[in-house]
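Visitor: Following this line is target_28.pdb, made up of PDB, C-alpha atoms and all ligand atoms:
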ATOM      1  CA  MET G 481      37.403   8.118 -21.130
ATOM      2  CA  ASN G 482      38.788   6.078 -18.239
ATOM      3  CA  VAL G 483      36.137   3.688 -16.970
ATOM      4  CA  GLY G 484      36.051   1.292 -14.023
ATOM      5  CA  PHE G 485      33.509  -1.444 -14.756
ATOM      6  CA  ILE G 486      32.233  -3.695 -11.956
ATOM      7  CA  GLY G 487      30.279  -6.822 -12.932
ATOM      8  CA  LEU G 488      31.543  -8.526 -16.084
ATOM      9  CA  GLY G 489      28.697 -11.012 -16.408
ATOM     10  CA  MET G 490      26.344 -11.774 -19.256
ATOM     11  CA  MET G 491      25.529  -8.107 -19.791
ATOM     12  CA  GLY G 492      28.724  -6.473 -18.523
ATOM     13  CA  GLU G 493      31.081  -8.407 -20.770
ATOM     14  CA  GLY G 494      29.192  -7.434 -23.931
ATOM     15  CA  MET G 495      28.855  -3.792 -22.822
ATOM     16  CA  VAL G 496      32.584  -3.553 -22.101
ATOM     17  CA  SER G 497      33.435  -5.018 -25.522
ATOM     18  CA  ASN G 498      31.745  -1.974 -27.108
ATOM     19  CA  LEU G 499      33.460   0.502 -24.780
ATOM     20  CA  LEU G 500      36.795  -0.996 -25.790
ATOM     21  CA  LYS G 501      35.847  -0.896 -29.491
ATOM     22  CA  ALA G 502      35.050   2.815 -29.115
ATOM     23  CA  GLY G 503      38.557   3.431 -27.737
ATOM     24  CA  HIS G 504      37.815   3.858 -24.024
ATOM     25  CA  THR G 505      40.145   2.485 -21.375
ATOM     26  CA  VAL G 506      38.288  -0.017 -19.233
ATOM     27  CA  LYS G 507      39.493  -1.385 -15.927
ATOM     28  CA  GLY G 508      37.262  -4.297 -14.991
ATOM     29  CA  TYR G 509      36.457  -6.091 -11.754
ATOM     30  CA  ASP G 510      34.396  -9.202 -11.070
ATOM     31  CA  ILE G 511      34.458 -11.804  -8.311
ATOM     32  CA  SER G 512      34.712 -14.433 -11.060
ATOM     33  CA  ALA G 513      38.300 -15.175 -12.081
ATOM     34  CA  ALA G 514      37.099 -16.520 -15.455
ATOM     35  CA  ALA G 515      35.290 -13.242 -16.204
ATOM     36  CA  LEU G 516      38.429 -11.273 -15.360
ATOM     37  CA  GLU G 517      40.512 -13.486 -17.615
ATOM     38  CA  ARG G 518      38.121 -12.886 -20.541
ATOM     39  CA  HIS G 519      38.230  -9.140 -19.808
ATOM     40  CA  ALA G 520      42.024  -9.072 -20.084
ATOM     41  CA  LYS G 521      41.930 -11.135 -23.298
ATOM     42  CA  ALA G 522      39.426  -8.663 -24.792
ATOM     43  CA  GLY G 523      41.863  -5.780 -24.210
ATOM     44  CA  GLY G 524      40.641  -4.509 -20.843
ATOM     45  CA  ILE G 525      42.667  -4.059 -17.676
ATOM     46  CA  ALA G 526      41.783  -6.770 -15.166
ATOM     47  CA  THR G 527      41.941  -5.576 -11.548
ATOM     48  CA  LYS G 528      42.069  -7.675  -8.422
ATOM     49  CA  SER G 529      40.046  -5.493  -6.091
ATOM     50  CA  ILE G 530      37.282  -2.937  -5.849
ATOM     51  CA  GLN G 531      39.860  -0.419  -4.579
ATOM     52  CA  GLU G 532      41.932  -0.873  -7.736
ATOM     53  CA  VAL G 533      39.038  -0.654 -10.205
ATOM     54  CA  VAL G 534      37.664   2.651  -8.906
ATOM     55  CA  LYS G 535      41.034   4.381  -8.620
ATOM     56  CA  ASP G 536      41.698   7.317 -11.000
ATOM     57  CA  VAL G 537      38.775   6.766 -13.331
ATOM     58  CA  ASP G 538      36.228   9.326 -14.601
ATOM     59  CA  VAL G 539      33.307   6.947 -14.505
ATOM     60  CA  VAL G 540      32.515   3.835 -12.462
ATOM     61  CA  MET G 541      29.917   1.530 -13.990
ATOM     62  CA  THR G 542      28.120  -1.214 -12.083
ATOM     63  CA  MET G 543      26.276  -4.077 -13.784
ATOM     64  CA  LEU G 544      25.478  -6.371 -10.863
ATOM     65  CA  PRO G 545      22.643  -8.795 -10.074
ATOM     66  CA  THR G 546      20.774  -6.931  -7.291
ATOM     67  CA  GLY G 547      20.544  -3.674  -5.331
ATOM     68  CA  ALA G 548      22.217  -5.369  -2.376
ATOM     69  CA  HIS G 549      25.240  -6.126  -4.589
ATOM     70  CA  VAL G 550      25.432  -2.511  -5.784
ATOM     71  CA  GLU G 551      25.139  -1.115  -2.236
ATOM     72  CA  SER G 552      27.718  -3.515  -0.866
ATOM     73  CA  VAL G 553      30.205  -2.721  -3.644
ATOM     74  CA  LEU G 554      29.804   1.049  -3.202
ATOM     75  CA  PHE G 555      29.426   1.355   0.579
ATOM     76  CA  GLY G 556      30.317  -2.057   2.032
ATOM     77  CA  LYS G 557      33.589  -3.199   3.515
ATOM     78  CA  ASP G 558      35.576  -2.077   0.446
ATOM     79  CA  ASN G 559      33.980   1.360   0.687
ATOM     80  CA  ALA G 560      34.553   1.995  -3.023
ATOM     81  CA  ALA G 561      32.676   5.308  -3.021
ATOM     82  CA  ALA G 562      35.094   6.786  -0.479
ATOM     83  CA  LEU G 563      38.014   5.945  -2.771
ATOM     84  CA  MET G 564      36.665   7.652  -5.883
ATOM     85  CA  LYS G 565      38.062  11.017  -6.956
ATOM     86  CA  PRO G 566      35.689  13.990  -6.523
ATOM     87  CA  GLY G 567      33.321  14.419  -9.452
ATOM     88  CA  THR G 568      33.441  10.766 -10.482
ATOM     89  CA  ILE G 569      30.183   9.707 -12.124
ATOM     90  CA  VAL G 570      28.783   6.381 -10.922
ATOM     91  CA  ILE G 571      26.534   4.789 -13.542
ATOM     92  CA  ASP G 572      24.432   1.895 -12.289
ATOM     93  CA  SER G 573      22.924  -0.199 -15.078
ATOM     94  CA  SER G 574      21.684  -3.032 -12.846
ATOM     95  CA  THR G 575      17.954  -3.635 -12.496
ATOM     96  CA  ILE G 576      17.185  -2.769  -8.862
ATOM     97  CA  LEU G 577      14.481  -1.172  -6.688
ATOM     98  CA  PRO G 578      14.007   2.589  -7.310
ATOM     99  CA  LYS G 579      14.177   3.352  -3.580
ATOM    100  CA  THR G 580      17.612   1.707  -3.474
ATOM    101  CA  THR G 581      18.682   3.804  -6.478
ATOM    102  CA  GLU G 582      17.408   6.990  -4.841
ATOM    103  CA  SER G 583      19.189   6.208  -1.594
ATOM    104  CA  ILE G 584      22.452   5.406  -3.421
ATOM    105  CA  ALA G 585      22.194   8.663  -5.410
ATOM    106  CA  SER G 586      21.743  10.814  -2.306
ATOM    107  CA  ARG G 587      24.546   9.074  -0.403
ATOM    108  CA  LEU G 588      26.909   9.583  -3.360
ATOM    109  CA  LYS G 589      25.858  13.236  -3.695
ATOM    110  CA  GLU G 590      26.712  13.842  -0.027
ATOM    111  CA  MET G 591      30.201  12.503  -0.834
ATOM    112  CA  GLY G 592      30.663  14.886  -3.810
ATOM    113  CA  LEU G 593      30.034  12.161  -6.378
ATOM    114  CA  ALA G 594      27.480  12.068  -9.181
ATOM    115  CA  MET G 595      25.144   9.239 -10.064
ATOM    116  CA  LEU G 596      23.141   8.202 -13.077
ATOM    117  CA  ASP G 597      20.737   5.295 -12.967
ATOM    118  CA  ALA G 598      21.051   3.908 -16.476
ATOM    119  CA  PRO G 599      19.353   0.520 -16.652
ATOM    120  CA  VAL G 600      19.043  -1.101 -20.036
ATOM    121  CA  GLY G 601      16.296  -2.554 -22.161
ATOM    122  CA  ARG G 602      16.814  -5.658 -24.339
ATOM    123  CA  THR G 603      19.143  -8.619 -23.681
ATOM    124  CA  SER G 604      22.759  -9.749 -23.613
ATOM    125  CA  ASP G 605      22.725 -10.209 -27.418
ATOM    126  CA  HIS G 606      22.073  -6.469 -27.682
ATOM    127  CA  ALA G 607      24.807  -5.784 -25.115
ATOM    128  CA  TRP G 608      27.242  -7.471 -27.520
ATOM    129  CA  SER G 609      25.899  -5.715 -30.617
ATOM    130  CA  GLY G 610      25.868  -2.295 -28.898
ATOM    131  CA  THR G 611      22.139  -1.862 -29.427
ATOM    132  CA  LEU G 612      20.831  -1.564 -25.854
ATOM    133  CA  ILE G 613      18.189   0.999 -24.867
ATOM    134  CA  PHE G 614      19.404   3.191 -21.988
ATOM    135  CA  MET G 615      16.822   4.735 -19.639
ATOM    136  CA  VAL G 616      18.648   7.380 -17.673
ATOM    137  CA  GLY G 617      17.811   9.159 -14.431
ATOM    138  CA  GLY G 618      20.001  11.992 -13.124
ATOM    139  CA  ASP G 619      21.272  15.475 -13.967
ATOM    140  CA  ALA G 620      21.344  16.393 -17.665
ATOM    141  CA  ALA G 621      24.911  17.721 -17.302
ATOM    142  CA  HIS G 622      26.146  14.383 -15.952
ATOM    143  CA  LEU G 623      24.329  12.541 -18.712
ATOM    144  CA  GLU G 624      26.025  14.713 -21.348
ATOM    145  CA  LYS G 625      29.441  13.808 -19.883
ATOM    146  CA  ALA G 626      28.563  10.116 -19.905
ATOM    147  CA  ARG G 627      26.749  10.149 -23.247
ATOM    148  CA  PRO G 628      29.732   8.955 -25.383
ATOM    149  CA  LEU G 629      29.960   5.835 -23.189
ATOM    150  CA  LEU G 630      26.239   5.124 -23.294
ATOM    151  CA  GLU G 631      26.130   5.690 -27.051
ATOM    152  CA  ALA G 632      29.005   3.243 -27.526
ATOM    153  CA  MET G 633      26.924   0.563 -25.772
ATOM    154  CA  GLY G 634      23.425   1.477 -26.861
ATOM    155  CA  GLU G 635      21.284   2.353 -29.820
ATOM    156  CA  VAL G 636      19.079   4.868 -27.970
ATOM    157  CA  VAL G 637      19.576   6.916 -24.810
ATOM    158  CA  TYR G 638      16.470   8.340 -23.117
ATOM    159  CA  HIS G 639      16.756  10.951 -20.373
ATOM    160  CA  CYS G 640      13.780  10.016 -18.179
ATOM    161  CA  GLY G 641      14.193  12.628 -15.408
ATOM    162  CA  SER G 642      15.996  12.865 -12.075
ATOM    163  CA  ASN G 643      17.602   9.929 -10.209
ATOM    164  CA  GLY G 644      15.192   7.001 -10.004
ATOM    165  CA  ALA G 645      13.289   7.929 -13.187
ATOM    166  CA  GLY G 646      15.504   5.674 -15.311
ATOM    167  CA  ILE G 647      15.053   2.597 -13.154
ATOM    168  CA  ARG G 648      11.300   3.284 -12.778
ATOM    169  CA  SER G 649      10.962   3.423 -16.576
ATOM    170  CA  LYS G 650      12.876   0.163 -16.873
ATOM    171  CA  ILE G 651      10.693  -1.587 -14.302
ATOM    172  CA  ILE G 652       7.511  -0.387 -16.016
ATOM    173  CA  ASN G 653       8.846  -1.599 -19.359
ATOM    174  CA  ASN G 654       9.673  -4.995 -17.875
ATOM    175  CA  TYR G 655       6.328  -5.220 -16.071
ATOM    176  CA  MET G 656       4.504  -4.759 -19.349
ATOM    177  CA  SER G 657       6.611  -7.068 -21.487
ATOM    178  CA  ILE G 658       6.831  -9.774 -18.812
ATOM    179  CA  VAL G 659       3.056  -9.897 -18.268
ATOM    180  CA  LEU G 660       2.484  -9.748 -22.035
ATOM    181  CA  ASN G 661       4.677 -12.828 -22.331
ATOM    182  CA  VAL G 662       2.160 -14.820 -20.265
ATOM    183  CA  LEU G 663      -0.803 -13.321 -22.098
ATOM    184  CA  THR G 664       0.788 -14.114 -25.479
ATOM    185  CA  ALA G 665       1.472 -17.700 -24.423
ATOM    186  CA  GLU G 666      -2.117 -18.079 -23.147
ATOM    187  CA  ALA G 667      -3.591 -16.762 -26.398
ATOM    188  CA  LEU G 668      -1.439 -18.951 -28.653
ATOM    189  CA  THR G 669      -2.159 -22.001 -26.480
ATOM    190  CA  LEU G 670      -5.905 -21.376 -26.847
ATOM    191  CA  GLY G 671      -5.368 -21.474 -30.610
ATOM    192  CA  ASP G 672      -3.105 -24.531 -30.541
ATOM    193  CA  LYS G 673      -5.524 -26.467 -28.316
ATOM    194  CA  ALA G 674      -8.258 -25.829 -30.901
ATOM    195  CA  ASN G 675      -5.896 -26.852 -33.750
ATOM    196  CA  LEU G 676      -6.089 -23.431 -35.394
ATOM    197  CA  ASP G 677      -3.502 -22.589 -38.017
ATOM    198  CA  ARG G 678      -0.811 -20.682 -36.053
ATOM    199  CA  GLU G 679       0.308 -18.508 -38.977
ATOM    200  CA  THR G 680      -3.200 -17.349 -39.807
ATOM    201  CA  LEU G 681      -3.952 -16.652 -36.147
ATOM    202  CA  ILE G 682      -0.783 -14.563 -35.818
ATOM    203  CA  LYS G 683      -1.734 -12.539 -38.923
ATOM    204  CA  ILE G 684      -5.111 -11.797 -37.300
ATOM    205  CA  LEU G 685      -3.531 -10.819 -33.966
ATOM    206  CA  MET G 686      -1.008  -8.574 -35.712
ATOM    207  CA  GLY G 687      -3.815  -6.564 -37.281
ATOM    208  CA  THR G 688      -5.365  -5.499 -33.939
ATOM    209  CA  PRO G 689      -4.292  -4.167 -30.506
ATOM    210  CA  ALA G 690      -3.696  -7.838 -29.562
ATOM    211  CA  GLY G 691      -0.465  -7.930 -31.551
ATOM    212  CA  ARG G 692       0.129  -4.243 -32.260
ATOM    213  CA  SER G 693      -0.391  -3.059 -28.670
ATOM    214  CA  HIS G 694      -2.868  -0.545 -27.313
ATOM    215  CA  LEU G 695      -0.079   2.045 -27.244
ATOM    216  CA  ALA G 696       0.154   2.030 -31.034
ATOM    217  CA  THR G 697      -3.569   1.776 -31.737
ATOM    218  CA  SER G 698      -6.538   2.349 -29.417
ATOM    219  CA  TYR G 699      -5.021   4.615 -26.728
ATOM    220  CA  PRO G 700      -3.723   7.336 -29.106
ATOM    221  CA  ALA G 701      -6.990   7.152 -31.070
ATOM    222  CA  LYS G 702      -9.171   7.611 -27.975
ATOM    223  CA  VAL G 703      -8.196   8.025 -24.316
ATOM    224  CA  PHE G 704      -4.930   9.938 -24.944
ATOM    225  CA  LYS G 705      -7.078  12.546 -26.721
ATOM    226  CA  GLY G 706      -9.400  12.701 -23.731
ATOM    227  CA  ASP G 707     -12.131  10.959 -25.726
ATOM    228  CA  ILE G 708     -13.794   7.972 -24.043
ATOM    229  CA  SER G 709     -16.980   7.998 -26.092
ATOM    230  CA  PRO G 710     -17.391   4.377 -27.158
ATOM    231  CA  VAL G 711     -16.112   2.947 -30.432
ATOM    232  CA  PHE G 712     -15.971  -0.395 -28.566
ATOM    233  CA  MET G 713     -17.883  -0.394 -25.304
ATOM    234  CA  LEU G 714     -16.170  -1.573 -22.147
ATOM    235  CA  ASP G 715     -19.258  -3.731 -21.398
ATOM    236  CA  LEU G 716     -18.738  -5.574 -24.689
ATOM    237  CA  ALA G 717     -15.026  -6.050 -24.019
ATOM    238  CA  ALA G 718     -15.924  -7.585 -20.633
ATOM    239  CA  LYS G 719     -18.481  -9.844 -22.332
ATOM    240  CA  ASP G 720     -15.873 -11.035 -24.884
ATOM    241  CA  LEU G 721     -13.313 -11.654 -22.161
ATOM    242  CA  GLY G 722     -15.924 -13.821 -20.407
ATOM    243  CA  LEU G 723     -16.371 -15.794 -23.638
ATOM    244  CA  ALA G 724     -12.630 -16.438 -23.896
ATOM    245  CA  ILE G 725     -12.531 -17.595 -20.274
ATOM    246  CA  GLN G 726     -15.407 -19.996 -20.945
ATOM    247  CA  VAL G 727     -13.607 -21.379 -24.029
ATOM    248  CA  GLY G 728     -10.463 -21.821 -21.938
ATOM    249  CA  ALA G 729     -12.427 -23.704 -19.270
ATOM    250  CA  THR G 730     -14.071 -25.974 -21.864
ATOM    251  CA  ASP G 731     -10.840 -26.646 -23.758
ATOM    252  CA  GLY G 732      -8.675 -27.112 -20.663
ATOM    253  CA  VAL G 733      -6.479 -24.013 -21.121
ATOM    254  CA  PRO G 734      -5.866 -22.036 -17.911
ATOM    255  CA  LEU G 735      -6.254 -18.295 -18.522
ATOM    256  CA  ALA G 736      -4.958 -16.753 -15.295
ATOM    257  CA  THR G 737      -4.138 -13.368 -16.845
ATOM    258  CA  GLY G 738      -7.608 -13.142 -18.372
ATOM    259  CA  ALA G 739      -9.251 -14.122 -15.077
ATOM    260  CA  ALA G 740      -7.393 -11.318 -13.261
ATOM    261  CA  ALA G 741      -8.272  -8.853 -16.036
ATOM    262  CA  LEU G 742     -11.965  -9.784 -15.770
ATOM    263  CA  GLN G 743     -11.966  -8.645 -12.129
ATOM    264  CA  VAL G 744     -10.685  -5.246 -13.240
ATOM    265  CA  TYR G 745     -13.308  -4.985 -15.996
ATOM    266  CA  THR G 746     -15.948  -5.846 -13.369
ATOM    267  CA  THR G 747     -14.772  -3.053 -11.057
ATOM    268  CA  ALA G 748     -14.759  -0.608 -14.003
ATOM    269  CA  GLN G 749     -18.361  -1.631 -14.722
ATOM    270  CA  THR G 750     -19.396  -1.178 -11.086
ATOM    271  CA  HIS G 751     -17.807   2.296 -11.251
ATOM    272  CA  GLY G 752     -20.219   3.114 -14.068
ATOM    273  CA  ARG G 753     -17.792   2.847 -16.980
ATOM    274  CA  GLY G 754     -19.505  -0.002 -18.881
ATOM    275  CA  ARG G 755     -20.918   2.207 -21.614
ATOM    276  CA  GLU G 756     -17.661   4.120 -22.141
ATOM    277  CA  ASP G 757     -14.916   3.175 -24.583
ATOM    278  CA  TRP G 758     -12.801   0.228 -23.482
ATOM    279  CA  THR G 759      -9.781   2.578 -23.305
ATOM    280  CA  ALA G 760     -11.559   4.262 -20.364
ATOM    281  CA  MET G 761      -9.746   1.493 -18.481
ATOM    282  CA  LEU G 762      -6.860   3.986 -18.170
ATOM    283  CA  VAL G 763      -9.142   6.538 -16.496
ATOM    284  CA  HIS G 764     -10.492   3.808 -14.195
ATOM    285  CA  MET G 765      -6.956   2.737 -13.248
ATOM    286  CA  HIS G 766      -6.000   6.355 -12.492
ATOM    287  CA  GLU G 767      -8.966   6.540 -10.134
ATOM    288  CA  LEU G 768      -8.006   3.281  -8.408
ATOM    289  CA  ALA G 769      -4.468   4.621  -7.969
ATOM    290  CA  GLY G 770      -5.760   7.847  -6.410
ATOM    291  CA  LEU G 771      -4.621  10.080  -9.270
ATOM    292  CA  LYS G 772      -6.585  13.267  -9.841
ATOM    293  CA  LYS G 773      -8.891  13.354 -12.864
TER     294      LYS G 773
HETATM  295  P1  LIG G 801      25.170 -11.983 -14.452
HETATM  296  O1  LIG G 801      24.867 -12.766 -13.231
HETATM  297  O2  LIG G 801      25.539 -12.690 -15.714
HETATM  298  O3  LIG G 801      26.327 -10.922 -14.135
HETATM  299  C1  LIG G 801      26.562 -10.336 -12.890
HETATM  300  C2  LIG G 801      28.065 -10.355 -12.659
HETATM  301  O4  LIG G 801      28.321  -9.679 -11.438
HETATM  302  C3  LIG G 801      28.649 -11.764 -12.516
HETATM  303  O5  LIG G 801      29.737 -11.908 -13.416
HETATM  304  C4  LIG G 801      29.086 -11.831 -11.061
HETATM  305  O6  LIG G 801      30.242 -12.636 -10.875
HETATM  306  C5  LIG G 801      29.370 -10.370 -10.783
HETATM  307  N1  LIG G 801      29.359 -10.028  -9.365
HETATM  308  C6  LIG G 801      28.477 -10.410  -8.403
HETATM  309  N2  LIG G 801      28.799  -9.856  -7.222
HETATM  310  C7  LIG G 801      29.907  -9.092  -7.430
HETATM  311  C8  LIG G 801      30.719  -8.279  -6.600
HETATM  312  N3  LIG G 801      30.453  -8.125  -5.299
HETATM  313  N4  LIG G 801      31.763  -7.651  -7.153
HETATM  314  C9  LIG G 801      32.043  -7.798  -8.464
HETATM  315  N5  LIG G 801      31.334  -8.571  -9.308
HETATM  316  C10 LIG G 801      30.272  -9.204  -8.802
HETATM  317  O7  LIG G 801      23.891 -11.054 -14.706
HETATM  318  P2  LIG G 801      23.545 -10.178 -16.002
HETATM  319  O8  LIG G 801      22.627 -10.945 -16.890
HETATM  320  O9  LIG G 801      24.800  -9.578 -16.553
HETATM  321  O10 LIG G 801      22.637  -9.050 -15.320
HETATM  322  C11 LIG G 801      23.194  -7.961 -14.591
HETATM  323  C12 LIG G 801      22.071  -6.978 -14.303
HETATM  324  O11 LIG G 801      21.487  -6.538 -15.534
HETATM  325  C13 LIG G 801      20.918  -7.571 -13.474
HETATM  326  O12 LIG G 801      20.442  -6.615 -12.576
HETATM  327  C14 LIG G 801      19.881  -7.913 -14.546
HETATM  328  O13 LIG G 801      18.563  -7.947 -14.013
HETATM  329  C15 LIG G 801      20.087  -6.779 -15.544
HETATM  330  N6  LIG G 801      19.683  -7.060 -16.932
HETATM  331  C16 LIG G 801      19.945  -8.262 -17.511
HETATM  332  C17 LIG G 801      19.569  -8.481 -18.838
HETATM  333  C18 LIG G 801      19.866  -9.790 -19.538
HETATM  334  O14 LIG G 801      19.344  -9.998 -20.648
HETATM  335  N7  LIG G 801      20.697 -10.655 -18.984
HETATM  336  C19 LIG G 801      18.925  -7.470 -19.568
HETATM  337  C20 LIG G 801      18.709  -6.226 -18.954
HETATM  338  C21 LIG G 801      19.096  -6.030 -17.634
END
Mind turning this structure into structure tokens?
Guide:
Amino acid sequence: MNVGFIGLGMMGEGMVSNLLKAGHTVKGYDISAAALERHAKAGGIATKSIQEVVKDVDVVMTMLPTGAHVESVLFGKDNAAALMKPGTIVIDSSTILPKTTESIASRLKEMGLAMLDAPVGRTSDHAWSGTLIFMVGGDAAHLEKARPLLEAMGEVVYHCGSNGAGIRSKIINNYMSIVLNVLTAEALTLGDKANLDRETLIKILMGTPAGRSHLATSYPAKVFKGDISPVFMLDLAAKDLGLAIQVGATDGVPLATGAAALQVYTTAQTHGRGREDWTAMLVHMHELAGLKK
């Protein structure tokens, strides 16, 4: 396939290397001269302008820092979208706000162009090794056309739904792993401050939802089945969280994530959920978010 790739940074450069390996023709554009030079050395076609990179290609990919960058490249002074041939598929892999994605998709559609939001999970190492996770929003037919490209760059391609569903999935994934990063650091610091053996502590954590995640353990066993009868009461979970917060205060370890979580446990208790299973937290959160039971 003929691809125009805009944004040859940490992610883009690795992604393009796999497109080239798979035999695709890749015209590249970046505002960085050094990035363009590396692109040409890797076997790509370096272009000097947005106009040049989008000309006569089947697919235009963007891998840019923010939504403002993507909008300005597509609709700004260069007006790239207006220069694309009808039917061109624009694939945006940048991490941006869903409402920006949705607005870009509808503007492109009005111009006779297709769009897939296809943000990626994992890091630049995976971009180089071709093992990214693609979360795609857009029409199934457009995804099928683009699939060989995505499969050259990624290990798994998920079709999440219509435009915006890919980027929403990505943001939810990042929300969870980014907050878990803080929680993990808090928990290990509690152990380190008390001079616990790190390896033993990790073995313990890896045997429970702490290390294995609720998604792989407690939720499928209980709340996903619609069963919130208690195997571990929410009241007891709140009590244990209070103990951890007291230990943190005594030992001088700030537990900001735990303190925020305790507020949510308290509201679940005041909503009468204390004697339900701790996974009833999902039902409580649905209620707070105004979702129907
Ligand atoms: P980066 O800053 O390394 O790359 C962005 C590239 O875009 C740069 O080379 C920059 O020169 C270029 N650029 C900026 N404005 C431009 C313009 N107007 N025209 C052409 N090129 C332009 O960033 P990155 O790490 O490659 O991340 C890109 C996107 O991918 C971001 O939205 C990021 O959040 C997301 N992401 C990053 C990672 C990661 O591990 N780095 C993982 C998943 C998703």
Visitor: Work out how far apart CA of Ala674 in chain G and CA of Ala718 in chain G are and give it in Å to one decimal.
Guide: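 Distance reported for this atom pair: 22.3 Å.
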Visitor: Do a neighbour search on range 529-541 of chain G at 10 Å with all atoms listed in the file, toss out local chain neighbours closer than 5 positions, and write the hits as a ChimeraX atom specification.
Guide: /G:481-487,492,496,505-511,553-554,558-574,594-598,625-626,629
Visitor: Find the residues of chain G that sit at most 9 Å from ligand LIG 801 (chain G); for each, write down the nearest two atoms and how far apart they are in Å, to one decimal. Count all atoms listed in the file. Sort by chain, then by number going up, and give it as a tab-separated table.
Guide:
residue	atom	partner	partner_atom	distance
G:Ile486	CA	G:LIG801	C9	5.4
G:Gly487	CA	G:LIG801	O4	3.8
G:Leu488	CA	G:LIG801	O5	4.7
G:Gly489	CA	G:LIG801	O3	3.3
G:Met490	CA	G:LIG801	O2	3.7
G:Met491	CA	G:LIG801	O9	3.6
G:Gly492	CA	G:LIG801	O9	5.4
G:Glu493	CA	G:LIG801	O9	7.7
G:Gly494	CA	G:LIG801	O9	8.8
G:Tyr509	CA	G:LIG801	C9	5.8
G:Asp510	CA	G:LIG801	N5	3.6
G:Ile511	CA	G:LIG801	N5	4.6
G:Ser512	CA	G:LIG801	O6	4.8
G:Ala513	CA	G:LIG801	O6	8.5
G:Ala514	CA	G:LIG801	O5	8.9
G:Ala515	CA	G:LIG801	O5	6.4
G:Leu516	CA	G:LIG801	O5	8.9
G:Ser529	CA	G:LIG801	N4	8.6
G:Ile530	CA	G:LIG801	N4	7.4
G:Thr542	CA	G:LIG801	C9	8.5
G:Met543	CA	G:LIG801	C11	5.0
G:Leu544	CA	G:LIG801	O4	4.4
G:Pro545	CA	G:LIG801	O12	4.0
G:Thr546	CA	G:LIG801	O12	5.3
G:Gly547	CA	G:LIG801	O12	7.8
G:His549	CA	G:LIG801	N3	5.6
G:Val550	CA	G:LIG801	N3	7.5
G:Ser552	CA	G:LIG801	N3	7.0
G:Val553	CA	G:LIG801	N3	5.7
G:Ser573	CA	G:LIG801	O11	6.5
G:Ser574	CA	G:LIG801	O12	3.8
G:Thr575	CA	G:LIG801	O12	3.9
G:Ile576	CA	G:LIG801	O12	6.3
G:Pro599	CA	G:LIG801	C21	6.6
G:Val600	CA	G:LIG801	C20	5.2
G:Gly601	CA	G:LIG801	C20	5.4
G:Arg602	CA	G:LIG801	C19	5.5
G:Thr603	CA	G:LIG801	O14	3.3
G:Ser604	CA	G:LIG801	O14	4.5
G:Asp605	CA	G:LIG801	O14	7.6
G:His606	CA	G:LIG801	O14	8.3
G:Ala607	CA	G:LIG801	O14	8.2
G:Leu612	CA	G:LIG801	C20	8.6
G:Lys650	CA	G:LIG801	C21	8.8
Visitor: Using the chain letters and residue numbers of this document, give as a PyMOL selection string the residues selected by the PyMOL selection byres (((chain G and resi 681-696) around 10) and not hetatm).
Guide: chain G and resi 660+663-664+667-668+671-672+676-680+697-701+704+759
Visitor: If I take CA of Ala645 in chain G and CA of Ser583 in chain G, how far is one from the other in Å, to one decimal?
Guide: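 CA of Ser583 in chain G lies at a distance of 13.1 Å from CA of Ala645 in chain G.
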Visitor: Apply the PyMOL selection byres (((chain G and resi 648) around 10) and not hetatm) to the structure shown and report the selected residues as JSON, numbers by chain.
Guide: {"G": [575, 576, 577, 578, 579, 581, 597, 599, 615, 616, 617, 640, 643, 644, 645, 646, 647, 649, 650, 651, 652, 653, 654]}
Visitor: I'd like the contact shell of range 722-730 of chain G - 8 Å cut-off, all atoms listed in the file, skipping same-chain residues fewer than 4 positions apart - returned as a ChimeraX atom specification.
Guide: /G:670,718,734-735,738-739,742
Visitor: The PyMOL selection byres (((chain G and resi 630) around 10) and not hetatm) - which residues does that actually catch in the file I just gave you? List them as a list in words.
Guide: Met495, Asn498, Leu499, Ile571, Ala598, Gly610, Leu612, Ile613, Phe614, Val616, Leu623, Glu624, Lys625, Ala626, Arg627, Pro628, Leu629, Glu631, Ala632, Met633, Gly634, Glu635, Val636 and Val637 of chain G
Visitor: Using Å and a single decimal, report how far CA of Val733 in chain G sits from CA of Lys673 in chain G.
Guide: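 One can read the CA of Lys673 in chain G to CA of Val733 in chain G distance as 7.7 Å.
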